[in-house]
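Visitor: For reference, the structure I am asking about is given below.
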Amino acid sequence: MTLIQGRTGDWEVVIGLEVHAQVTSKSKLFSGASTEFGAEPNTQVSLVDAAMPGMLPVINEKAVEQAVRTGLGLNAQINLKSIFDRKNYFYPDLPQGYQISQYLDPVVGKGEIEIDLEDGSTRTVGITRLHLEQDAGKSIHDQDPRKTLVDLNRSGVALMEIVSEPDIRSAEEAGAYVEKIRSILRYLGTCDGNMQEGSMRADVNVSVRKPGDDFGTRAEIKNVNSIRFIRQAIDYEVRRQIELIEDGGEVDQETRLFDPDRAETRSMRSKEEAHDYRYFPDPDLLPLELEQSWVDAIRETLPELPDQKKHRFVDDYGLSVIDAGTLVAERKIAEFFEAVAEGRDAKVAANWVMGELFGALNRTDTDIATSPVSAAQLGQLIDFISDGTVSNRLAKNVFEIMFETSDDPKKIVEQRGMKQVTDAGAIEAAVDEAIAAGAAQVDQYKGGNVKVLGWFVGQVMKATQGKANPQAVNEMLRKKLDG
Amino acid sequence: MTSASDLRDLTIAEARDELAAGNVSARELTEAHLAAIEVARDLNVFITETPDRALADADASDARRAAGEALGPLDGIPLAIKDLFCTDGVQTTAASHILEGFVPPYESTVTENLRNAGTVMLGKTNLDEFAMGSSNETSYFGKVENPWQREGDNRPLVPGGSSGGSASAVSGRLCLGATGTDTGGSIRQPAAFCGIVGMKPTYGRCSRWGIVAFASSLDQAGPMTRTVRDAAILLGGMAGFDPKDSTSAEMVAPDFEARLEGGVRGLRIGIPAEYAVDGMNPEIAALWDRGKAWLTDAGAELVDISLPHTKYALPAYYIIAPAEASSNLARYDGVRYGHREDGEDLTSLYEETRASGFGQEVRRRILIGTYALSSGYYDAYYLKAQKVRALIARDFHNAFEDCDVILTPTTPGAAFAMGEKSDDPIAMYLNDVLTVPASLAGLPAISVPGGLSSEGLPLGLHLIGKAFDEQTLFRAAQALEYAAGFDSRPHRG
């Protein structure tokens with residue numbers, strides 16, 4: 001258990017997260033307007049989204065399907081009957097004056113996921129529920145000195161709110177939790193997980209307690225939009241709460257905001273100022289009733305999820321838990337790896353993918369989906385290593401050229417003459433030449449300085465432009481010098 | 001057909017036949033009504049008159065008919081539209097200052113259906129603000145006057161509400177029929193007050209899309225006409241499944257006119273004991289008795305039934321309807337459309353816009369509804385009211401095991417004078433006591449003129465039918481109409 005040392009002893013941190021994930025869907029939760037990111041303000045607004053008089057919501061079946069799919073991916077209970085409620089409050093970017101959400105009867109109930117920690121261990125975190133709700137529009141305060149402008153493009157976009165149990169015990173775990181949620185959503189294709197574009201954000205509930213005590217009073221940090229910020233916000237909030245209590249104060253139950261520039265949280269509104277949302281079932285919508293067979297049909301289409309895949313990679317490929325975890329974090333990487341590993345040494349494949357390929361992708365800020373080197377090409381390169389066509393060292397050079405040109409390794413090796421020289425005659429000639437040129441080194445070697453062998457190897461390589469098979473060179477040298 | 005007043009005396013069914021026979025044109029019908037509307041402006045029936053649009057609609061209808069492409073029974077029929085229906089390019093106010101000048105870029109499904117049926121829109125009728133009222137005295141655009149007056153008393157009377165403008169228009173021969181909406185009696189009560197037929201279909205029969213919402217779980221559009229047959233014809237043009245309204249019933253609307261003449265022989269008419277409340281106006285009690293006798297004379301059988309939770313209907317209604325309204329009306333915030341008072345900051349913009357944009361009755365109901373939904377009160381008010389509502393629906397369900405249609409009076413009394421009840425909201429709310437239970441249960445119901453009070457004012461008889469059994473309801477109403485033989489006319493019209 002991660003404990004935080006305070007002046008009065010150790011403290012335990014208790015965290016629960018509410019992740020808001022935008023449902024991947026062409027249209028909004030209750031209207032046909034487009035959800036595409038980055039359009040001109042107020043161009044993706046239907047009459048329903050603008051809450052014109054007499055407009056009515058109609059549920060988007062695709063959004064429901066995505067929520068159910070997500071629920072199944074979170075190993076959660078699917079509620080065959082759920083209710084949409086109105087959450088009432090006034091704000092200019094909330095045209096209806098209420099948000100349609102789910103309150104007492106969400107579409108998805110309890111579930112659980114496994115999170116992967118840096119030391120290779122895993123923990124289970126409970127999911128309390130998942131419900132569907134409408135996003136609000138966006139208030140823009142910095143484009144006019146006096147006015148607030150409103151962009152309703154996001155108004156009515158479908159969100160899934162995924163609520164965790166208060167099972168998380170550190171900033172690291174919180175980060176790992178959000179990473180795993182994002183990974184699962186991306187595998188399922190139910191949310192793109194793009195936190196910079198606002199497709200995913202989290203409300204973080206933080207409290208501290210002495211180990212064994214009841215839960216402390218929590219503060220809720222709203223709308224944190226990166227995993228790094230989530231960690232920073234928790235670190236700050238934990239320190240703030242511990243200091244407050246140790247100084248004889250009490251934590252207020254309140255809503256706070258995270259300021260990324262100063263890496264601190266600030267009070268937004270206290271419990272007394274909290275809204276009375278006056279939730280009640282939306283009379284414009286019937287209860288959402290699902291057929292078990294429909295849910296089962298969705299279950300049939302679920303892909304293998306990251307945790308299942310991770311366990312399989314460990315069991316079938318003999319990878320370490322950490323390597324497996326790294327490879328499964330993104331579905332496309334896992335698929336790429338499996339394509340490379342098929343019929344080959346999986347550990348070698350994993351090393352190439354996580355080593356050379358990740359290095360090159362990171363260096364060039366490229367996504368696996370647009371990698372210039374395909375899985376088939378990387379596989380061919382590995383085959384060239386195992387059949388001795390190229391040495392390991394040469395293979396790295398070949399890979400660099402593949403990454404630049406997208407050419408097949410075969411073409412590169414042939415056109416650039418990078419094929420390893422294994423022809424015994426050619427090697428023997430170079431070896432003889434090196435021995436002839438290095439009388440002094442021959443004497444050293446014979447005098448017991450075996451290290452000098454490296455000098456001969458270097459000479460041979462130089463003469464063959466690095467293409468000689470190092471193993472063959474070594475063997476030949478030994479034979480000649482020892483013989 | 002020669003005189004304009006004759007044209008205005010036609011029923012929709014007669015006009016349909018005259019149009020089909022080529023004896024009259026849609027333009028002649030429309031012009032006759034437009035002229036009458038001008039003369040009757042003091043009744044304040046219309047918020048917006050649309051004469052140009054009406055004539056264009058009429059000419060288009062005549063052209064279709066000349067080309068042999070008439071659309072059906074409603075092609076060329078001049079109608080008045082309650083100003084709660086959004087109409088594309090025509091101001092739609094809900095009789096509220098907060099929507100004054102609002103011109104929707106869209107057409108409600110019901111009025112779209114009527115346009116597609118070839119009807120002519122004469123204008124948008126006055127109503128209680130946001131349909132909240134039973135006397136049409138809460139309109140920002142002024143009170144509507146009932147074309148009827150008491151014998152020997154020329155004080156202006158209310159037409160009832162909220163569809164008071166539509167009721168006055170139909171009664172005063174300013175249109176052949178009108179649309180209304182009914183939340184707790186807003187079609188049936190003004191129909192009774194104005195001596196016309198007003199019908200609220202089963203909840204879900206007509207789409208609510210594009211109708212300014214008052215209480216979503218109760219609001220339902222329906223026809224207001226001078227005969228039962230006309231109501232059946234007009235409902236046929238309004239009803240139908242609409243995928244844009246999730247609460248719209250996914251079924252094809254039947255031909256409501258088809259079985260109208262079936263008679264009531266063998267039909268079981270339920271008489272609920274709980275509606276015979278102590279202190280019932282003796283005139284109303286006598287009217288009810290006449291209704292029972294007419295139906296039994298026509299061959300129906302009376303069945304005593306019990307609707308035990310009736311007395312809780314009105315209080316439940318006045319929790320549920322304001323609760324939904326408090327949320328439905330949140331969108332009128334001055335930010336995107338309609339009236340705005342620029343405040344010093346956001347909160348004052350909201351407060352000042354809504355304080356000046358909404359009238360007293362609307363503000364009262366928003367406050368009641370907000371309170372009923374508040375944390376700590378929700379269970380005691382809203383949730384309790386919903387449970388009562390379920391019990392009321394069950395009462396009807398049980399009663400319909402033993403009967404086919406239920407007969408009651410429509411209102412506790414006849415039309416009252418302007419100002420008579422406007423200071424006492426409870427007295428006003430009691431107007432709905434007989435119509436609200438069917439609304440809470442979502443059942444179809446109709447008010448048919450049953451005779452005159454001792455003061456010479458029309459009184460209505462009220463029939464309630466089984467869900468989606470409008471055909472039986474119309475059949476019973478037709479029998480009642482024949483028996484009542486109501487042919488009195490208002491002083492105006």
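Chain labels run A, B, ... following the order of the structure tokens; each chain numbers its residues from 1, and ligands are numbered from 1 in the order shown.
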Output as a ChimeraX atom specification the set of chain A residues within 9 Å of chain B, with distances taken over only C-alpha atoms.

Guide: /A:47,50-59,86,88-92,94-98,276-280,282-286

Visitor: If you count only C-alpha atoms, which residues fall within 10 Å of Glu49 (chain B), apart from same-chain ones fewer than 6 positions away, as a list in words?

Guide: Leu34, Ile37, Glu38, Ala80, Val90, Gln91, Met121, Leu122, Gly123, Lys124 and Thr125 of chain B

Visitor: Please identify the strand (DSSP E or B) residues within region 339-441 of chain B (assignment by DSSP from backbone atoms) and present them as JSON, numbers by chain.

Guide: {"B": [405, 406, 407, 408, 409, 417]}

Visitor: Going by DSSP on the backbone, which bits of region 138-358 of chain A are helix (DSSP H, G or I)? Write them as a compact mmCIF listing (two decimals) with N, CA and C atoms, in the first residue's frame, please.

Guide:
```
# COMPACT_ATOMS: atom_id res chain seq x y z
N ALA A 171 -1.60 8.47 -6.90
CA ALA A 171 -1.64 9.18 -8.18
C ALA A 171 -1.22 8.23 -9.31
N GLU A 172 -0.24 7.37 -9.02
CA GLU A 172 0.21 6.43 -10.05
C GLU A 172 -0.95 5.50 -10.45
N GLU A 173 -1.66 4.99 -9.44
CA GLU A 173 -2.78 4.10 -9.75
C GLU A 173 -3.87 4.83 -10.54
N ALA A 174 -4.09 6.10 -10.18
CA ALA A 174 -5.11 6.87 -10.90
C ALA A 174 -4.72 6.99 -12.37
N GLY A 175 -3.43 7.27 -12.60
CA GLY A 175 -2.96 7.37 -13.98
C GLY A 175 -3.11 6.04 -14.71
N ALA A 176 -2.73 4.96 -14.02
CA ALA A 176 -2.82 3.64 -14.64
C ALA A 176 -4.28 3.28 -14.92
N TYR A 177 -5.17 3.71 -14.03
CA TYR A 177 -6.60 3.44 -14.23
C TYR A 177 -7.11 4.14 -15.49
N VAL A 178 -6.77 5.42 -15.61
CA VAL A 178 -7.25 6.17 -16.77
C VAL A 178 -6.63 5.60 -18.05
N GLU A 179 -5.35 5.22 -17.97
CA GLU A 179 -4.72 4.62 -19.14
C GLU A 179 -5.44 3.33 -19.55
N LYS A 180 -5.80 2.54 -18.55
CA LYS A 180 -6.46 1.27 -18.87
C LYS A 180 -7.87 1.52 -19.43
N ILE A 181 -8.59 2.46 -18.83
CA ILE A 181 -9.91 2.79 -19.36
C ILE A 181 -9.78 3.25 -20.82
N ARG A 182 -8.83 4.13 -21.05
CA ARG A 182 -8.64 4.65 -22.40
C ARG A 182 -8.31 3.51 -23.37
N SER A 183 -7.43 2.62 -22.90
CA SER A 183 -7.04 1.49 -23.74
C SER A 183 -8.25 0.62 -24.08
N ILE A 184 -9.06 0.34 -23.07
CA ILE A 184 -10.25 -0.51 -23.31
C ILE A 184 -11.20 0.18 -24.28
N LEU A 185 -11.44 1.47 -24.07
CA LEU A 185 -12.37 2.19 -24.95
C LEU A 185 -11.87 2.20 -26.38
N ARG A 186 -10.56 2.34 -26.54
CA ARG A 186 -10.00 2.36 -27.90
C ARG A 186 -10.09 0.97 -28.54
N TYR A 187 -9.83 -0.05 -27.75
CA TYR A 187 -9.99 -1.41 -28.28
C TYR A 187 -11.41 -1.64 -28.77
N LEU A 188 -12.36 -1.13 -27.96
CA LEU A 188 -13.77 -1.35 -28.29
C LEU A 188 -14.25 -0.45 -29.42
N ILE A 227 -3.56 12.78 -18.36
CA ILE A 227 -3.16 11.85 -17.30
C ILE A 227 -2.11 12.50 -16.42
N ARG A 228 -1.22 13.28 -17.04
CA ARG A 228 -0.20 13.97 -16.25
C ARG A 228 -0.86 14.95 -15.26
N PHE A 229 -1.88 15.67 -15.76
CA PHE A 229 -2.56 16.63 -14.88
C PHE A 229 -3.30 15.90 -13.76
N ILE A 230 -3.84 14.74 -14.07
CA ILE A 230 -4.55 13.98 -13.03
C ILE A 230 -3.56 13.64 -11.91
N ARG A 231 -2.39 13.19 -12.30
CA ARG A 231 -1.38 12.86 -11.28
C ARG A 231 -0.97 14.10 -10.49
N GLN A 232 -0.73 15.20 -11.22
CA GLN A 232 -0.31 16.43 -10.54
C GLN A 232 -1.40 16.93 -9.60
N ALA A 233 -2.63 16.89 -10.08
CA ALA A 233 -3.74 17.39 -9.26
C ALA A 233 -3.86 16.57 -7.98
N ILE A 234 -3.70 15.26 -8.10
CA ILE A 234 -3.80 14.40 -6.91
C ILE A 234 -2.65 14.70 -5.96
N ASP A 235 -1.43 14.77 -6.51
CA ASP A 235 -0.27 15.05 -5.65
C ASP A 235 -0.49 16.34 -4.86
N TYR A 236 -0.94 17.37 -5.57
CA TYR A 236 -1.15 18.65 -4.90
C TYR A 236 -2.25 18.54 -3.85
N GLU A 237 -3.36 17.92 -4.26
CA GLU A 237 -4.53 17.86 -3.39
C GLU A 237 -4.26 17.03 -2.13
N VAL A 238 -3.48 15.95 -2.30
CA VAL A 238 -3.16 15.10 -1.15
C VAL A 238 -2.31 15.90 -0.15
N ARG A 239 -1.32 16.58 -0.65
CA ARG A 239 -0.46 17.39 0.24
C ARG A 239 -1.29 18.47 0.93
N ARG A 240 -2.16 19.11 0.17
CA ARG A 240 -2.99 20.18 0.73
C ARG A 240 -3.87 19.65 1.86
N GLN A 241 -4.50 18.50 1.60
CA GLN A 241 -5.42 17.96 2.61
C GLN A 241 -4.67 17.52 3.86
N ILE A 242 -3.51 16.85 3.67
CA ILE A 242 -2.75 16.38 4.84
C ILE A 242 -2.29 17.57 5.68
N GLU A 243 -1.77 18.58 5.00
CA GLU A 243 -1.30 19.76 5.74
C GLU A 243 -2.44 20.42 6.48
N LEU A 244 -3.58 20.51 5.79
CA LEU A 244 -4.76 21.14 6.39
C LEU A 244 -5.16 20.41 7.68
N ILE A 245 -5.23 19.09 7.59
CA ILE A 245 -5.67 18.32 8.76
C ILE A 245 -4.61 18.37 9.86
N GLU A 246 -3.37 18.27 9.44
CA GLU A 246 -2.32 18.26 10.46
C GLU A 246 -2.18 19.62 11.14
N GLN A 292 -32.18 -8.83 -24.11
CA GLN A 292 -30.98 -9.59 -23.75
C GLN A 292 -30.28 -10.13 -25.00
N SER A 293 -31.07 -10.51 -25.99
CA SER A 293 -30.47 -11.07 -27.21
C SER A 293 -29.63 -10.02 -27.94
N TRP A 294 -30.09 -8.76 -27.87
CA TRP A 294 -29.35 -7.66 -28.51
C TRP A 294 -28.02 -7.46 -27.79
N VAL A 295 -28.07 -7.51 -26.46
CA VAL A 295 -26.85 -7.37 -25.67
C VAL A 295 -25.90 -8.53 -25.98
N ASP A 296 -26.46 -9.72 -26.06
CA ASP A 296 -25.64 -10.91 -26.34
C ASP A 296 -24.97 -10.79 -27.71
N ALA A 297 -25.73 -10.25 -28.67
CA ALA A 297 -25.17 -10.10 -30.01
C ALA A 297 -23.99 -9.12 -30.00
N ILE A 298 -24.09 -8.08 -29.19
CA ILE A 298 -22.97 -7.13 -29.08
C ILE A 298 -21.78 -7.84 -28.42
N ARG A 299 -22.07 -8.64 -27.41
CA ARG A 299 -21.00 -9.35 -26.71
C ARG A 299 -20.22 -10.22 -27.70
N GLU A 300 -20.94 -10.81 -28.65
CA GLU A 300 -20.29 -11.68 -29.64
C GLU A 300 -19.25 -10.94 -30.47
N PRO A 306 -7.50 -5.67 -23.74
CA PRO A 306 -6.08 -5.58 -23.37
C PRO A 306 -5.65 -6.58 -22.28
N ASP A 307 -6.48 -6.75 -21.26
CA ASP A 307 -6.05 -7.65 -20.18
C ASP A 307 -5.98 -9.10 -20.65
N GLN A 308 -6.98 -9.51 -21.42
CA GLN A 308 -6.94 -10.87 -21.97
C GLN A 308 -5.71 -11.05 -22.85
N LYS A 309 -5.50 -10.04 -23.65
CA LYS A 309 -4.37 -10.10 -24.59
C LYS A 309 -3.05 -10.16 -23.82
N LYS A 310 -2.96 -9.37 -22.78
CA LYS A 310 -1.73 -9.33 -21.99
C LYS A 310 -1.44 -10.71 -21.42
N HIS A 311 -2.47 -11.30 -20.84
CA HIS A 311 -2.27 -12.63 -20.25
C HIS A 311 -1.85 -13.64 -21.32
N ARG A 312 -2.45 -13.54 -22.48
CA ARG A 312 -2.10 -14.46 -23.55
C ARG A 312 -0.65 -14.24 -24.00
N PHE A 313 -0.23 -12.98 -24.10
CA PHE A 313 1.14 -12.69 -24.53
C PHE A 313 2.15 -13.29 -23.55
N VAL A 314 1.80 -13.20 -22.26
CA VAL A 314 2.70 -13.77 -21.25
C VAL A 314 2.71 -15.30 -21.37
N ASP A 315 1.53 -15.87 -21.48
CA ASP A 315 1.43 -17.33 -21.51
C ASP A 315 1.97 -17.93 -22.80
N ASP A 316 1.55 -17.34 -23.93
CA ASP A 316 1.87 -17.97 -25.22
C ASP A 316 3.24 -17.56 -25.75
N TYR A 317 3.62 -16.33 -25.52
CA TYR A 317 4.87 -15.85 -26.11
C TYR A 317 6.01 -15.82 -25.10
N VAL A 321 5.53 -9.56 -17.97
CA VAL A 321 4.27 -8.86 -17.78
C VAL A 321 4.40 -7.41 -18.23
N ILE A 322 5.53 -6.80 -17.93
CA ILE A 322 5.70 -5.39 -18.30
C ILE A 322 5.75 -5.23 -19.81
N ASP A 323 6.52 -6.10 -20.50
CA ASP A 323 6.58 -6.01 -21.96
C ASP A 323 5.20 -6.28 -22.57
N ALA A 324 4.52 -7.28 -22.04
CA ALA A 324 3.20 -7.60 -22.57
C ALA A 324 2.27 -6.41 -22.37
N GLY A 325 2.34 -5.81 -21.19
CA GLY A 325 1.50 -4.64 -20.90
C GLY A 325 1.78 -3.51 -21.87
N THR A 326 3.06 -3.30 -22.17
CA THR A 326 3.42 -2.23 -23.11
C THR A 326 2.85 -2.52 -24.50
N LEU A 327 2.96 -3.77 -24.93
CA LEU A 327 2.53 -4.11 -26.29
C LEU A 327 1.01 -4.09 -26.45
N VAL A 328 0.26 -4.37 -25.38
CA VAL A 328 -1.20 -4.42 -25.54
C VAL A 328 -1.89 -3.09 -25.29
N ARG A 331 -4.29 -1.31 -29.31
CA ARG A 331 -4.67 -2.47 -30.10
C ARG A 331 -3.82 -2.59 -31.37
N LYS A 332 -3.54 -1.47 -32.02
CA LYS A 332 -2.80 -1.52 -33.27
C LYS A 332 -1.37 -1.99 -33.05
N ILE A 333 -0.80 -1.60 -31.91
CA ILE A 333 0.56 -2.05 -31.61
C ILE A 333 0.55 -3.56 -31.36
N ALA A 334 -0.45 -3.99 -30.59
CA ALA A 334 -0.53 -5.42 -30.28
C ALA A 334 -0.70 -6.22 -31.57
N GLU A 335 -1.53 -5.71 -32.47
CA GLU A 335 -1.74 -6.42 -33.73
C GLU A 335 -0.47 -6.41 -34.58
N PHE A 336 0.22 -5.28 -34.56
CA PHE A 336 1.47 -5.16 -35.30
C PHE A 336 2.47 -6.19 -34.76
N PHE A 337 2.58 -6.22 -33.43
CA PHE A 337 3.51 -7.15 -32.81
C PHE A 337 3.18 -8.59 -33.19
N GLU A 338 1.90 -8.92 -33.11
CA GLU A 338 1.53 -10.31 -33.39
C GLU A 338 1.83 -10.68 -34.84
N ALA A 339 1.66 -9.71 -35.73
CA ALA A 339 1.96 -9.98 -37.14
C ALA A 339 3.46 -10.22 -37.32
N VAL A 340 4.26 -9.45 -36.58
CA VAL A 340 5.71 -9.64 -36.67
C VAL A 340 6.11 -10.98 -36.04
N ALA A 341 5.46 -11.29 -34.91
CA ALA A 341 5.89 -12.46 -34.14
C ALA A 341 5.45 -13.78 -34.78
N ALA A 346 9.20 -14.80 -30.65
CA ALA A 346 8.37 -13.70 -30.18
C ALA A 346 9.18 -12.69 -29.38
N LYS A 347 10.15 -13.16 -28.64
CA LYS A 347 10.94 -12.22 -27.84
C LYS A 347 11.76 -11.31 -28.74
N VAL A 348 12.33 -11.90 -29.81
CA VAL A 348 13.08 -11.08 -30.77
C VAL A 348 12.13 -10.06 -31.40
N ALA A 349 10.93 -10.53 -31.77
CA ALA A 349 9.94 -9.62 -32.37
C ALA A 349 9.60 -8.49 -31.40
N ALA A 350 9.35 -8.84 -30.12
CA ALA A 350 9.01 -7.84 -29.12
C ALA A 350 10.14 -6.82 -28.98
N ASN A 351 11.40 -7.32 -28.97
CA ASN A 351 12.52 -6.40 -28.82
C ASN A 351 12.61 -5.43 -29.99
N TRP A 352 12.39 -5.93 -31.18
CA TRP A 352 12.43 -5.04 -32.34
C TRP A 352 11.30 -4.01 -32.30
N VAL A 353 10.10 -4.48 -31.95
CA VAL A 353 8.97 -3.55 -31.94
C VAL A 353 9.17 -2.49 -30.86
N MET A 354 9.53 -2.92 -29.65
CA MET A 354 9.64 -1.96 -28.56
C MET A 354 10.94 -1.16 -28.62
N GLY A 355 11.96 -1.76 -29.29
CA GLY A 355 13.24 -1.07 -29.37
C GLY A 355 13.33 -0.16 -30.58
N GLU A 356 13.73 -0.74 -31.70
CA GLU A 356 13.98 0.08 -32.89
C GLU A 356 12.72 0.79 -33.38
N LEU A 357 11.61 0.04 -33.45
CA LEU A 357 10.41 0.64 -34.03
C LEU A 357 9.87 1.77 -33.15
N PHE A 358 9.65 1.50 -31.85
CA PHE A 358 9.15 2.54 -30.95
C PHE A 358 10.08 3.75 -30.96
```

Visitor: Would you please work out which residue, of B:Arg53, B:Lys384, B:Arg364, B:Arg155, is nearest to Tyr312 (chain B) when using only C-alpha atoms?

Guide: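 Looking only at the distances to Tyr312 (chain B), the closest residue turns out to be B:Lys384.
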
Visitor: So the first atom is CA of Ala239 (chain B) and the second is CA of Ile446 (chain B); what is the distance between them in Å, to one decimal place?

Guide: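 It comes out at 15.6 Å.
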
Visitor: Which value, in Å to one decimal, gives the distance between CA of Met160 (chain A) and CA of Asn75 (chain A)?

Guide: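 Atom-to-atom, CA of Met160 (chain A) and CA of Asn75 (chain A) are spaced 15.6 Å apart.
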
Visitor: Name the residues in contact with Gly460 (chain B) at a cut-off of 8 Å, using only C-alpha atoms, excluding same-chain residues fewer than 6 positions from it; report them as a VMD selection string.

Guide: chain B and resid 191 to 193 195 409 to 411 447 to 451

Visitor: Which residues are near region 204-209 of chain A? Cut-off 6 Å, only C-alpha atoms, ignore same chain within fewer than 6 positions. Put them as a VMD selection string.

Guide: chain A and resid 11 to 17 216 to 221

Visitor: Include N, CA and C atoms and write out the residues we just selected as a PDB file, in the first residue's frame.

Guide:
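part36.pdb written:
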```
ATOM      1  N   TRP A  11      -0.327   8.537   5.987  1.00  0.00           N
ATOM      2  CA  TRP A  11      -1.674   8.786   5.482  1.00  0.00           C
ATOM      3  C   TRP A  11      -1.934   7.894   4.292  1.00  0.00           C
ATOM      4  N   GLU A  12      -3.172   7.460   4.230  1.00  0.00           N
ATOM      5  CA  GLU A  12      -3.595   6.693   3.062  1.00  0.00           C
ATOM      6  C   GLU A  12      -4.441   7.610   2.167  1.00  0.00           C
ATOM      7  N   VAL A  13      -4.231   7.490   0.876  1.00  0.00           N
ATOM      8  CA  VAL A  13      -4.958   8.317  -0.094  1.00  0.00           C
ATOM      9  C   VAL A  13      -6.100   7.482  -0.679  1.00  0.00           C
ATOM     10  N   VAL A  14      -7.278   8.071  -0.771  1.00  0.00           N
ATOM     11  CA  VAL A  14      -8.424   7.367  -1.364  1.00  0.00           C
ATOM     12  C   VAL A  14      -8.920   8.186  -2.559  1.00  0.00           C
ATOM     13  N   ILE A  15      -8.980   7.534  -3.708  1.00  0.00           N
ATOM     14  CA  ILE A  15      -9.344   8.250  -4.936  1.00  0.00           C
ATOM     15  C   ILE A  15     -10.446   7.490  -5.672  1.00  0.00           C
ATOM     16  N   GLY A  16     -11.412   8.235  -6.143  1.00  0.00           N
ATOM     17  CA  GLY A  16     -12.418   7.692  -7.058  1.00  0.00           C
ATOM     18  C   GLY A  16     -12.469   8.594  -8.279  1.00  0.00           C
ATOM     19  N   LEU A  17     -12.664   8.011  -9.435  1.00  0.00           N
ATOM     20  CA  LEU A  17     -12.628   8.807 -10.662  1.00  0.00           C
ATOM     21  C   LEU A  17     -13.946   8.712 -11.418  1.00  0.00           C
ATOM     22  N   GLY A 216     -12.181   9.816   4.645  1.00  0.00           N
ATOM     23  CA  GLY A 216     -12.179  11.233   4.997  1.00  0.00           C
ATOM     24  C   GLY A 216     -13.125  12.009   4.092  1.00  0.00           C
ATOM     25  N   THR A 217     -13.259  13.316   4.377  1.00  0.00           N
ATOM     26  CA  THR A 217     -14.090  14.163   3.510  1.00  0.00           C
ATOM     27  C   THR A 217     -13.356  14.372   2.192  1.00  0.00           C
ATOM     28  N   ARG A 218     -14.115  14.274   1.078  1.00  0.00           N
ATOM     29  CA  ARG A 218     -13.441  14.352  -0.214  1.00  0.00           C
ATOM     30  C   ARG A 218     -13.639  15.704  -0.885  1.00  0.00           C
ATOM     31  N   ALA A 219     -12.680  16.034  -1.697  1.00  0.00           N
ATOM     32  CA  ALA A 219     -12.832  17.178  -2.591  1.00  0.00           C
ATOM     33  C   ALA A 219     -12.883  16.623  -4.000  1.00  0.00           C
ATOM     34  N   GLU A 220     -13.699  17.264  -4.854  1.00  0.00           N
ATOM     35  CA  GLU A 220     -13.822  16.805  -6.235  1.00  0.00           C
ATOM     36  C   GLU A 220     -13.133  17.799  -7.148  1.00  0.00           C
ATOM     37  N   ILE A 221     -12.144  17.314  -7.889  1.00  0.00           N
ATOM     38  CA  ILE A 221     -11.431  18.182  -8.830  1.00  0.00           C
ATOM     39  C   ILE A 221     -12.036  17.932 -10.207  1.00  0.00           C
TER      40      ILE A 221
END
```

Visitor: Residues near region 291-296 of chain B, anyone? I mean within 10 Å using only C-alpha atoms, not counting same-chain ones fewer than 2 positions away, as a VMD selection string.

Guide: chain B and resid 263 to 271 285 to 289 298 to 302 407 to 409 450 to 451 460 to 462 476 to 477 479 to 484

Visitor: Write out as a list in words the residues lying within 10 Å of Val373 (chain A), counting only C-alpha atoms and excluding same-chain residues fewer than 4 positions away.

Guide: Leu357, Leu361, Ile368, Gln377, Leu378, Phe399, Glu400, Ile401, Met402, Phe403, Glu404, Thr405, Ser406, Asp407, Asp408 and Pro409 of chain A

Visitor: Which residues come within 8 Å of Ala231 (chain B), counting only C-alpha atoms, excluding same-chain residues fewer than 5 positions away, as a list in words?

Guide: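 Using only C-alpha atoms, the neighbours found are Val197, Gly198, Met199, Pro223, Met224, Thr225 and Arg226 of chain B.
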
Visitor: The selected residues should be written to file as a short mmCIF file (atom, residue, chain, number, x, y, z; two decimals), in the first residue's frame (atoms: C-alpha atoms).

Guide:
```
data_model
loop_
_atom_site.label_atom_id
_atom_site.label_comp_id
_atom_site.auth_asym_id
_atom_site.auth_seq_id
_atom_site.Cartn_x
_atom_site.Cartn_y
_atom_site.Cartn_z
CA VAL B 197 -66.97 19.75 -29.69
CA GLY B 198 -63.46 19.40 -28.28
CA MET B 199 -61.55 16.15 -28.40
CA PRO B 223 -59.43 18.92 -32.83
CA MET B 224 -61.98 21.59 -31.92
CA THR B 225 -65.01 21.64 -34.21
CA ARG B 226 -68.74 22.21 -34.28
#
```

Visitor: Quick one, how far is CA of Asn431 (chain B) from CA of Gly185 (chain B)?

Guide: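 Spanning CA of Asn431 (chain B) to CA of Gly185 (chain B) is a straight-line distance of 8.6 Å.
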
Visitor: Kindly indicate which residue among B:Ala35, B:Ala385, B:Leu174, B:Leu463 lies nearest to Asp404 (chain B), using only C-alpha atoms for the distances.

Guide: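 Among the listed residues, B:Leu463 lies closest to Asp404 (chain B).
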